[in-house]
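Let me begin by presenting the structure, written as structure tokens, before commenting on it.
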Amino acid sequence: MGARLLCLGLLTALFGYYIYSPLPEELAQPGTVMFASAALRALGHLSEAADVLGLMHYMEVLRLFTVVELVPATSDENVTVTEAEFSSIPVRLYLPRRAPGGLRRAVLYFHGGGWCLGDAGMHGYDLMARRISNELNAVVVSVNYRLAPPHHFPVQFEDVYSVTKFFLQSKVLSQYGVDPARVCVAGDSAGGNLAAAVAQQLLEDPEVRTRLRAQVLIYPALQALDLDLPSYRDNAHKPVLPRSLMVRFWSEYFSSEPALREAMASNSHVPPEAAGLLQFVNWSLWLPEDVRGAHRPSSPAWGSEELGRRHPGLLDVRASPLLARQARLRGLPPALVLTCEHDVLRDDGLMYVARLRAAGVPVTHHHARDGFHGAMTFLAWPLELALGHRLLDTCLGWLQDNL
Ligand SMILES: *[C@@H]1O[C@H](CO)[C@@H](O)[C@H](O)[C@H]1NC(C)=O
Ligand SMILES: *[C@@H]1O[C@H](CO)[C@@H](O)[C@H](O)[C@H]1NC(C)=O
């Protein structure tokens, strides 16, 4: 009896520990957010333990979250859904069933998950792609690029870039009945990073003649140089994406070496030769005053040259689109940038908005004051939020008018 009571007490305490996370007051449906946040934190601790014990890599355990969310590629009354390969890279393809009435639009979608997790077949992403395909009468190509570990930068970028180039060929566009003037890239989080990088790279590619019509960047990660922005400080412990996990995602994108992760955790990973690039992520320069608030800029603690040599990706514009020179940004297609207030990546998005506008790129910026990172994938039970549907509706509305 005593043992049972003790067990019950321990379980309750453990449950309380995971479920209790202080939430910002503006968040609606706090129960659902707490549930998701608790599940992720519990899985995070499990991953940590398995990693320390040498049983499995941290990310392999976290990937269980992706696996339980997978749904098969099944067609419905409006959309034909199939698995295919473009340029040897797996994609999930969504083709609208209704009569095209002319050439169609197309959306190349890159899912989020910190370059380590996620899948086009996760329930949230599958629902999102179906709605885009059905409501815009668009072909949606949702890309299953390779993940870290074992694959590090630039593999993720190269995979989505190859698919994009493959799809933009005239013969492929016409095979799917797509209008070459109405193709866009889109992605959330790490997928927003990839979408921004692809849009930039295409401008400099002499082999591609088709130009993108638009880019949709949903709470994107855009730079790895300064992991001490005001948004990182304000939101270090907010639901779904704490700072520690974002640091882990960034470091895993480049390498599984603990030395890089430790340097990034203390924001002392930038090699001295990057001094000239800091202007592009200087938040005293690029963030609006009300966002800077009372924060004081910190002077960078330089990392070792050795770290820079071992991880050249740190300074690569294909990993950090915010490091692009102003001239590279000119000529980019119109952008929708969606940011959330309670998100470590908020300021990456805000700075890109400011830099794109300074370069003359038309930008629609939607800032969700009640938003947190990842909210747009909360589209189905048990992880369903009105906020998720609202953000998706915002994207659909913008695409309706701009694609
Ligand atoms: C099919 O499209 C119609 C009209 O947009 C919509 O009302 C219906 O819910 C869709 N069906 C599915 C399975 O999504
Ligand atoms: C960032 O910009 C501010 C304001 O222009 C400037 O004073 C500061 O030296 C810059 N910091 C870096 C690291 O470039």
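For the structure tokens, the naming scheme is as follows: chains receive sequential letters (A, B, ...) according to their order of presentation, residues are indexed from 1 within each chain, and ligands are indexed from 1 in presentation order.
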Find the residues near A:Leu64: any atom within 12 Å, counting only C-alpha atoms, skip ones fewer than 6 places away on the same chain, and give them as a compact mmCIF listing (two decimals) with all heavy atoms, in the first residue's frame.
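Result file follows (around38.txt):
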```txt
# COMPACT_ATOMS: atom_id res chain seq x y z
N ALA A 39 4.85 16.87 -23.84
CA ALA A 39 5.24 15.67 -24.57
C ALA A 39 6.63 15.85 -25.18
O ALA A 39 7.47 14.95 -25.12
CB ALA A 39 4.21 15.38 -25.67
N LEU A 40 6.87 17.03 -25.73
CA LEU A 40 8.17 17.28 -26.35
C LEU A 40 9.29 17.33 -25.32
O LEU A 40 10.39 16.83 -25.56
CB LEU A 40 8.13 18.59 -27.14
CG LEU A 40 7.55 18.45 -28.54
CD1 LEU A 40 7.32 19.82 -29.15
CD2 LEU A 40 8.49 17.63 -29.44
N LEU A 43 10.04 13.79 -24.20
CA LEU A 43 10.78 13.12 -25.25
C LEU A 43 12.22 13.66 -25.31
O LEU A 43 13.18 12.91 -25.51
CB LEU A 43 10.08 13.33 -26.60
CG LEU A 43 10.49 12.42 -27.74
CD1 LEU A 43 10.28 10.96 -27.38
CD2 LEU A 43 9.69 12.78 -29.00
N GLY A 44 12.37 14.95 -25.07
CA GLY A 44 13.69 15.57 -25.05
C GLY A 44 14.57 14.98 -23.96
O GLY A 44 15.74 14.66 -24.18
N LEU A 46 14.15 12.04 -22.54
CA LEU A 46 14.40 10.65 -22.92
C LEU A 46 15.55 10.58 -23.93
O LEU A 46 16.45 9.74 -23.84
CB LEU A 46 13.12 10.09 -23.54
CG LEU A 46 12.95 8.58 -23.60
CD1 LEU A 46 12.74 8.04 -22.19
CD2 LEU A 46 11.75 8.23 -24.48
N SER A 47 15.51 11.49 -24.89
CA SER A 47 16.55 11.53 -25.92
C SER A 47 17.91 11.82 -25.31
O SER A 47 18.92 11.20 -25.66
CB SER A 47 16.25 12.63 -26.95
OG SER A 47 14.92 12.57 -27.36
N MET A 56 21.28 5.60 -28.37
CA MET A 56 20.82 6.17 -29.65
C MET A 56 21.22 7.63 -29.68
O MET A 56 21.37 8.26 -28.64
CB MET A 56 19.28 6.10 -29.73
CG MET A 56 18.72 4.86 -30.37
SD MET A 56 16.94 4.82 -30.10
CE MET A 56 16.32 5.22 -31.71
N HIS A 57 21.35 8.17 -30.88
CA HIS A 57 21.63 9.60 -31.00
C HIS A 57 20.39 10.38 -30.56
O HIS A 57 19.26 9.97 -30.83
CB HIS A 57 21.99 9.94 -32.44
CG HIS A 57 22.47 11.36 -32.63
ND1 HIS A 57 21.62 12.43 -32.67
CD2 HIS A 57 23.72 11.86 -32.75
CE1 HIS A 57 22.33 13.54 -32.82
NE2 HIS A 57 23.61 13.21 -32.87
N TYR A 58 20.64 11.51 -29.90
CA TYR A 58 19.57 12.38 -29.42
C TYR A 58 18.47 12.60 -30.47
O TYR A 58 17.29 12.43 -30.20
CB TYR A 58 20.21 13.72 -29.03
CG TYR A 58 19.28 14.79 -28.54
CD1 TYR A 58 18.91 14.84 -27.20
CD2 TYR A 58 18.79 15.76 -29.41
CE1 TYR A 58 18.07 15.84 -26.74
CE2 TYR A 58 17.95 16.76 -28.95
CZ TYR A 58 17.59 16.80 -27.62
OH TYR A 58 16.75 17.77 -27.18
N LEU A 70 3.03 10.27 -38.68
CA LEU A 70 2.98 9.98 -40.12
C LEU A 70 1.62 9.45 -40.55
O LEU A 70 1.01 8.64 -39.86
CB LEU A 70 4.04 8.94 -40.49
CG LEU A 70 5.49 9.41 -40.50
CD1 LEU A 70 6.42 8.26 -40.92
CD2 LEU A 70 5.67 10.60 -41.44
N CYS A 116 16.62 18.25 -38.88
CA CYS A 116 16.89 16.95 -38.24
C CYS A 116 15.64 16.09 -38.18
O CYS A 116 15.72 14.87 -38.11
CB CYS A 116 17.36 17.16 -36.80
SG CYS A 116 18.90 18.06 -36.64
N LEU A 117 14.48 16.73 -38.11
CA LEU A 117 13.22 16.01 -37.90
C LEU A 117 12.24 16.40 -38.99
O LEU A 117 12.54 17.22 -39.85
CB LEU A 117 12.60 16.40 -36.54
CG LEU A 117 13.50 16.50 -35.33
CD1 LEU A 117 12.75 17.12 -34.18
CD2 LEU A 117 14.02 15.13 -34.95
N GLY A 118 11.05 15.81 -38.89
CA GLY A 118 9.97 16.20 -39.78
C GLY A 118 9.90 15.34 -41.03
O GLY A 118 10.86 14.64 -41.38
N ASP A 119 8.72 15.42 -41.67
CA ASP A 119 8.47 14.60 -42.85
C ASP A 119 7.24 15.19 -43.55
O ASP A 119 6.32 15.66 -42.89
CB ASP A 119 8.18 13.16 -42.41
CG ASP A 119 8.18 12.18 -43.57
OD1 ASP A 119 7.26 12.23 -44.41
OD2 ASP A 119 9.10 11.35 -43.62
N MET A 122 3.88 13.96 -42.24
CA MET A 122 3.29 14.20 -40.92
C MET A 122 1.89 14.79 -41.11
O MET A 122 1.65 15.55 -42.03
CB MET A 122 4.15 15.17 -40.11
CG MET A 122 5.42 14.52 -39.58
SD MET A 122 6.52 15.73 -38.83
CE MET A 122 5.74 15.92 -37.21
```
With ligand 1 as the partner and 6 Å as the cut-off, tabulate the residues of chain A that qualify, each row holding the nearest pair of atoms and their distance in Å to one decimal, using only C-alpha atoms and all ligand atoms, sorted by chain and rising number, as JSON lines.
```
{"residue": "A:Asp76", "atom": "CA", "partner": "ligand 1", "partner_atom_place_in_ligand_line": "13 (C)", "distance": 5.4}
{"residue": "A:Glu77", "atom": "CA", "partner": "ligand 1", "partner_atom_place_in_ligand_line": "13 (C)", "distance": 5.7}
{"residue": "A:Asn78", "atom": "CA", "partner": "ligand 1", "partner_atom_place_in_ligand_line": "1 (C)", "distance": 4.9}
```
From the set A:Pro180, A:Gly102, A:Pro149, A:Gly349, which residue has the shortest atom-to-atom contact distance to A:Thr210, counting only C-alpha atoms?
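Closest candidate: A:Pro180.
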Do a neighbour search on A:Val270 at 8 Å with only C-alpha atoms, toss out local chain neighbours closer than 4 positions, and write the hits as a PyMOL selection string.
chain A and resi 225+274+300-304+308+314
With all heavy atoms retained, write the just-selected residues as a PDB file, in the first residue's frame.
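part.pdb, freshly written:
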```
ATOM      1  N   LEU A 225      24.699  33.189 -36.793  1.00  0.00           N
ATOM      2  CA  LEU A 225      25.829  33.923 -36.204  1.00  0.00           C
ATOM      3  C   LEU A 225      25.541  34.425 -34.803  1.00  0.00           C
ATOM      4  O   LEU A 225      26.402  34.380 -33.934  1.00  0.00           O
ATOM      5  CB  LEU A 225      26.214  35.117 -37.087  1.00  0.00           C
ATOM      6  CG  LEU A 225      26.984  34.838 -38.362  1.00  0.00           C
ATOM      7  CD1 LEU A 225      27.660  36.116 -38.845  1.00  0.00           C
ATOM      8  CD2 LEU A 225      28.029  33.747 -38.169  1.00  0.00           C
ATOM      9  N   ALA A 274      34.642  36.396 -39.568  1.00  0.00           N
ATOM     10  CA  ALA A 274      33.256  36.737 -39.896  1.00  0.00           C
ATOM     11  C   ALA A 274      32.895  38.155 -39.492  1.00  0.00           C
ATOM     12  O   ALA A 274      31.760  38.587 -39.677  1.00  0.00           O
ATOM     13  CB  ALA A 274      32.306  35.765 -39.218  1.00  0.00           C
ATOM     14  N   PRO A 300      30.316  40.454 -29.420  1.00  0.00           N
ATOM     15  CA  PRO A 300      30.489  39.027 -29.688  1.00  0.00           C
ATOM     16  C   PRO A 300      31.714  38.466 -28.990  1.00  0.00           C
ATOM     17  O   PRO A 300      32.750  39.120 -28.919  1.00  0.00           O
ATOM     18  CB  PRO A 300      30.662  38.979 -31.213  1.00  0.00           C
ATOM     19  CG  PRO A 300      31.038  40.363 -31.620  1.00  0.00           C
ATOM     20  CD  PRO A 300      30.482  41.290 -30.604  1.00  0.00           C
ATOM     21  N   ALA A 301      31.554  37.270 -28.429  1.00  0.00           N
ATOM     22  CA  ALA A 301      32.705  36.549 -27.905  1.00  0.00           C
ATOM     23  C   ALA A 301      33.182  35.682 -29.060  1.00  0.00           C
ATOM     24  O   ALA A 301      32.454  34.808 -29.511  1.00  0.00           O
ATOM     25  CB  ALA A 301      32.282  35.686 -26.728  1.00  0.00           C
ATOM     26  N   TRP A 302      34.319  35.968 -29.583  1.00  0.00           N
ATOM     27  CA  TRP A 302      34.764  35.278 -30.791  1.00  0.00           C
ATOM     28  C   TRP A 302      35.057  33.811 -30.529  1.00  0.00           C
ATOM     29  O   TRP A 302      35.586  33.443 -29.502  1.00  0.00           O
ATOM     30  CB  TRP A 302      36.009  35.944 -31.378  1.00  0.00           C
ATOM     31  CG  TRP A 302      35.754  37.358 -31.791  1.00  0.00           C
ATOM     32  CD1 TRP A 302      36.219  38.483 -31.172  1.00  0.00           C
ATOM     33  CD2 TRP A 302      34.949  37.804 -32.876  1.00  0.00           C
ATOM     34  NE1 TRP A 302      35.738  39.605 -31.813  1.00  0.00           N
ATOM     35  CE2 TRP A 302      34.963  39.216 -32.863  1.00  0.00           C
ATOM     36  CE3 TRP A 302      34.201  37.145 -33.866  1.00  0.00           C
ATOM     37  CZ2 TRP A 302      34.265  39.974 -33.798  1.00  0.00           C
ATOM     38  CZ3 TRP A 302      33.520  37.906 -34.793  1.00  0.00           C
ATOM     39  CH2 TRP A 302      33.544  39.308 -34.756  1.00  0.00           C
ATOM     40  N   GLY A 303      34.712  32.995 -31.512  1.00  0.00           N
ATOM     41  CA  GLY A 303      35.077  31.586 -31.456  1.00  0.00           C
ATOM     42  C   GLY A 303      36.466  31.411 -32.056  1.00  0.00           C
ATOM     43  O   GLY A 303      37.065  32.372 -32.535  1.00  0.00           O
ATOM     44  N   SER A 304      36.932  30.191 -32.055  1.00  0.00           N
ATOM     45  CA  SER A 304      38.283  29.958 -32.569  1.00  0.00           C
ATOM     46  C   SER A 304      38.273  29.878 -34.087  1.00  0.00           C
ATOM     47  O   SER A 304      37.262  29.549 -34.703  1.00  0.00           O
ATOM     48  CB  SER A 304      38.830  28.662 -31.994  1.00  0.00           C
ATOM     49  OG  SER A 304      38.073  27.584 -32.482  1.00  0.00           O
ATOM     50  N   GLY A 308      35.862  27.741 -37.149  1.00  0.00           N
ATOM     51  CA  GLY A 308      35.443  28.250 -38.447  1.00  0.00           C
ATOM     52  C   GLY A 308      35.951  27.381 -39.586  1.00  0.00           C
ATOM     53  O   GLY A 308      35.239  27.137 -40.561  1.00  0.00           O
ATOM     54  N   LEU A 314      29.023  27.596 -41.265  1.00  0.00           N
ATOM     55  CA  LEU A 314      28.638  28.681 -40.346  1.00  0.00           C
ATOM     56  C   LEU A 314      28.519  30.022 -41.065  1.00  0.00           C
ATOM     57  O   LEU A 314      27.694  30.851 -40.695  1.00  0.00           O
ATOM     58  CB  LEU A 314      29.719  28.821 -39.259  1.00  0.00           C
ATOM     59  CG  LEU A 314      29.601  27.967 -38.006  1.00  0.00           C
ATOM     60  CD1 LEU A 314      30.807  28.209 -37.114  1.00  0.00           C
ATOM     61  CD2 LEU A 314      28.314  28.296 -37.265  1.00  0.00           C
TER      62      LEU A 314
END
```
Distance query A:Gly313 at most 9 Å, only C-alpha atoms, self and fewer than 6 positions along chain excluded, as a VMD selection string
chain A and resid 153 to 154 253 to 254 319 to 320
Between atom CA of A:Trp115 and atom CA of A:Phe249, what is the spacing in Å?
6.9 Å
Could you give me, as a JSON list (two decimals) with all heavy atoms, in the first residue's frame, the residues within 10 Å of A:Glu85, counting only C-alpha atoms and dropping anything in the same chain fewer than 4 positions from it?
```
[["chain", "number", "residue", "atom", "x", "y", "z"],
["A", 89, "ILE", "N", 15.11, 12.31, -55.28],
["A", 89, "ILE", "CA", 14.76, 12.73, -53.91],
["A", 89, "ILE", "C", 13.27, 12.51, -53.71],
["A", 89, "ILE", "O", 12.46, 12.94, -54.54],
["A", 89, "ILE", "CB", 15.16, 14.19, -53.68],
["A", 89, "ILE", "CG1", 16.69, 14.29, -53.73],
["A", 89, "ILE", "CG2", 14.64, 14.72, -52.35],
["A", 89, "ILE", "CD1", 17.21, 15.52, -54.33],
["A", 90, "PRO", "N", 12.88, 11.81, -52.62],
["A", 90, "PRO", "CA", 11.46, 11.53, -52.43],
["A", 90, "PRO", "C", 10.64, 12.79, -52.19],
["A", 90, "PRO", "O", 11.07, 13.69, -51.45],
["A", 90, "PRO", "CB", 11.43, 10.62, -51.19],
["A", 90, "PRO", "CG", 12.80, 10.63, -50.61],
["A", 90, "PRO", "CD", 13.74, 11.23, -51.58],
["A", 91, "VAL", "N", 9.48, 12.83, -52.82],
["A", 91, "VAL", "CA", 8.55, 13.95, -52.62],
["A", 91, "VAL", "C", 7.14, 13.38, -52.47],
["A", 91, "VAL", "O", 6.86, 12.28, -52.93],
["A", 91, "VAL", "CB", 8.56, 14.94, -53.82],
["A", 91, "VAL", "CG1", 9.92, 15.56, -54.02],
["A", 91, "VAL", "CG2", 8.08, 14.27, -55.10],
["A", 92, "ARG", "N", 6.29, 14.13, -51.78],
["A", 92, "ARG", "CA", 4.87, 13.78, -51.75],
["A", 92, "ARG", "C", 4.17, 14.80, -52.64],
["A", 92, "ARG", "O", 4.33, 16.01, -52.45],
["A", 92, "ARG", "CB", 4.34, 13.80, -50.32],
["A", 92, "ARG", "CG", 2.98, 13.13, -50.18],
["A", 92, "ARG", "CD", 2.53, 13.03, -48.75],
["A", 92, "ARG", "NE", 3.03, 11.84, -48.07],
["A", 92, "ARG", "CZ", 2.38, 11.19, -47.11],
["A", 92, "ARG", "NH1", 1.21, 11.61, -46.69],
["A", 92, "ARG", "NH2", 2.91, 10.13, -46.54],
["A", 93, "LEU", "N", 3.43, 14.25, -53.59],
["A", 93, "LEU", "CA", 2.88, 15.08, -54.65],
["A", 93, "LEU", "C", 1.37, 15.20, -54.49],
["A", 93, "LEU", "O", 0.68, 14.21, -54.32],
["A", 93, "LEU", "CB", 3.22, 14.36, -55.95],
["A", 93, "LEU", "CG", 3.22, 15.11, -57.27],
["A", 93, "LEU", "CD1", 4.16, 16.29, -57.22],
["A", 93, "LEU", "CD2", 3.67, 14.14, -58.38],
["A", 143, "VAL", "N", 8.67, 18.18, -50.09],
["A", 143, "VAL", "CA", 9.94, 17.48, -50.30],
["A", 143, "VAL", "C", 10.45, 16.77, -49.05],
["A", 143, "VAL", "O", 10.53, 17.37, -47.97],
["A", 143, "VAL", "CB", 11.02, 18.49, -50.78],
["A", 143, "VAL", "CG1", 12.31, 17.75, -51.13],
["A", 143, "VAL", "CG2", 10.53, 19.28, -51.97],
["A", 144, "ASN", "N", 10.80, 15.50, -49.21],
["A", 144, "ASN", "CA", 11.44, 14.77, -48.11],
["A", 144, "ASN", "C", 12.95, 14.75, -48.30],
["A", 144, "ASN", "O", 13.54, 13.76, -48.71],
["A", 144, "ASN", "CB", 10.88, 13.36, -48.01],
["A", 144, "ASN", "CG", 9.67, 13.32, -47.08],
["A", 144, "ASN", "OD1", 9.63, 14.06, -46.09],
["A", 144, "ASN", "ND2", 8.70, 12.49, -47.39],
["A", 163, "VAL", "N", 15.41, 19.36, -56.26],
["A", 163, "VAL", "CA", 14.00, 19.15, -56.57],
["A", 163, "VAL", "C", 13.43, 20.39, -57.27],
["A", 163, "VAL", "O", 12.71, 20.29, -58.25],
["A", 163, "VAL", "CB", 13.19, 18.82, -55.29],
["A", 163, "VAL", "CG1", 11.70, 18.89, -55.56],
["A", 163, "VAL", "CG2", 13.58, 17.45, -54.77]]
```
Counting only C-alpha atoms and all ligand atoms, name the residues that have an atom within 10 Å of an atom of ligand 2; the answer should be given as a ChimeraX atom specification.
/A:275-286,297-300
Among A:Val79, A:Leu227, A:Met128, A:Leu399, A:Ser142 is approached most closely, using only C-alpha atoms, by A:Met128
Taking only residues of stretch 266-334 of chain A that have an atom at most 12 Å from an atom of stretch 245-248 of chain A, what is each one's shortest atom pair and its distance in Å to one decimal, using only C-alpha atoms, in chain and number order, as CSV?
```
residue,atom,partner,partner_atom,distance
A:Ser266,CA,A:Val247,CA,9.6
A:Asn267,CA,A:Val247,CA,9.3
A:Ser268,CA,A:Val247,CA,12.0
A:His269,CA,A:Val247,CA,11.2
```
Requested write-out: all heavy atoms of the selected residues, as an mmCIF file, in the first residue's frame:
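Result went into part-v2.cif, see below:
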```
data_model
loop_
_atom_site.group_PDB
_atom_site.id
_atom_site.type_symbol
_atom_site.label_atom_id
_atom_site.label_comp_id
_atom_site.auth_asym_id
_atom_site.auth_seq_id
_atom_site.Cartn_x
_atom_site.Cartn_y
_atom_site.Cartn_z
ATOM 1 N N SER A 266 26.930 29.068 -25.858
ATOM 2 C CA SER A 266 27.381 30.289 -25.176
ATOM 3 C C SER A 266 27.566 31.435 -26.172
ATOM 4 O O SER A 266 28.180 32.453 -25.843
ATOM 5 C CB SER A 266 28.670 30.013 -24.408
ATOM 6 O OG SER A 266 29.651 29.525 -25.309
ATOM 7 N N ASN A 267 27.052 31.274 -27.366
ATOM 8 C CA ASN A 267 27.133 32.281 -28.432
ATOM 9 C C ASN A 267 28.578 32.739 -28.664
ATOM 10 O O ASN A 267 28.848 33.912 -28.864
ATOM 11 C CB ASN A 267 26.241 33.490 -28.101
ATOM 12 C CG ASN A 267 25.819 34.256 -29.353
ATOM 13 O OD1 ASN A 267 25.517 33.654 -30.387
ATOM 14 N ND2 ASN A 267 25.826 35.576 -29.278
ATOM 15 N N SER A 268 29.504 31.803 -28.610
ATOM 16 C CA SER A 268 30.913 32.163 -28.825
ATOM 17 C C SER A 268 31.479 31.246 -29.896
ATOM 18 O O SER A 268 32.496 30.604 -29.700
ATOM 19 C CB SER A 268 31.698 32.045 -27.520
ATOM 20 O OG SER A 268 31.550 30.734 -27.011
ATOM 21 N N HIS A 269 30.790 31.205 -31.029
ATOM 22 C CA HIS A 269 31.156 30.275 -32.091
ATOM 23 C C HIS A 269 31.555 30.966 -33.373
ATOM 24 O O HIS A 269 31.884 30.322 -34.354
ATOM 25 C CB HIS A 269 29.964 29.349 -32.380
ATOM 26 C CG HIS A 269 28.724 30.101 -32.759
ATOM 27 N ND1 HIS A 269 28.008 30.839 -31.844
ATOM 28 C CD2 HIS A 269 28.092 30.278 -33.948
ATOM 29 C CE1 HIS A 269 26.981 31.419 -32.455
ATOM 30 N NE2 HIS A 269 27.018 31.098 -33.738
#
```
So how many Å separate atom CA of A:Leu217 and atom CA of A:Pro24, to one decimal?
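Atom-to-atom, atom CA of A:Leu217 and atom CA of A:Pro24 are spaced 24.0 Å apart.
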Write out as a PyMOL selection string all residues of stretch 151-394 of chain A that backbone DSSP assigns to alpha helix (DSSP H).
chain A and resi 155-167+170-175+190-203+230-234+243-254+258-265+283-286+289-292+305-310+326-329+346-358+386-394
Residue contacts of A:Val317 (8 Å, only C-alpha atoms) excluding same-chain residues fewer than 6 positions away, as a PyMOL selection string:
chain A and resi 197+323-324
Produce a file of the selected residues containing all heavy atoms, as a PDB file, in the first residue's frame.
```pdb
ATOM      1  N   ALA A 197      16.786  30.339 -48.875  1.00  0.00           N
ATOM      2  CA  ALA A 197      18.088  30.055 -49.490  1.00  0.00           C
ATOM      3  C   ALA A 197      17.933  29.651 -50.952  1.00  0.00           C
ATOM      4  O   ALA A 197      18.712  30.072 -51.811  1.00  0.00           O
ATOM      5  CB  ALA A 197      18.807  28.956 -48.699  1.00  0.00           C
ATOM      6  N   LEU A 323      22.818  36.451 -44.259  1.00  0.00           N
ATOM      7  CA  LEU A 323      24.184  36.913 -44.509  1.00  0.00           C
ATOM      8  C   LEU A 323      24.387  37.399 -45.942  1.00  0.00           C
ATOM      9  O   LEU A 323      25.492  37.794 -46.323  1.00  0.00           O
ATOM     10  CB  LEU A 323      25.197  35.792 -44.216  1.00  0.00           C
ATOM     11  CG  LEU A 323      25.215  35.283 -42.773  1.00  0.00           C
ATOM     12  CD1 LEU A 323      26.333  34.272 -42.573  1.00  0.00           C
ATOM     13  CD2 LEU A 323      25.387  36.444 -41.802  1.00  0.00           C
ATOM     14  N   ALA A 324      23.311  37.374 -46.726  1.00  0.00           N
ATOM     15  CA  ALA A 324      23.436  37.831 -48.120  1.00  0.00           C
ATOM     16  C   ALA A 324      23.720  39.328 -48.170  1.00  0.00           C
ATOM     17  O   ALA A 324      23.165  40.095 -47.384  1.00  0.00           O
ATOM     18  CB  ALA A 324      22.145  37.527 -48.876  1.00  0.00           C
TER      19      ALA A 324
END
```
Among the residues A:Tyr176, A:His152, A:Ala50, A:Thr339, the one that comes closest to A:Tyr94 [using only C-alpha atoms]
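Distance minimum relative to A:Tyr94 lands on A:Tyr176.
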I'd like the neighbourhood of A:Gly360 as a ChimeraX atom specification, where a residue qualifies if any of its atoms comes within 7 Å (using only C-alpha atoms), though same-chain residues fewer than 3 positions away should be ignored.
/A:330,356-357
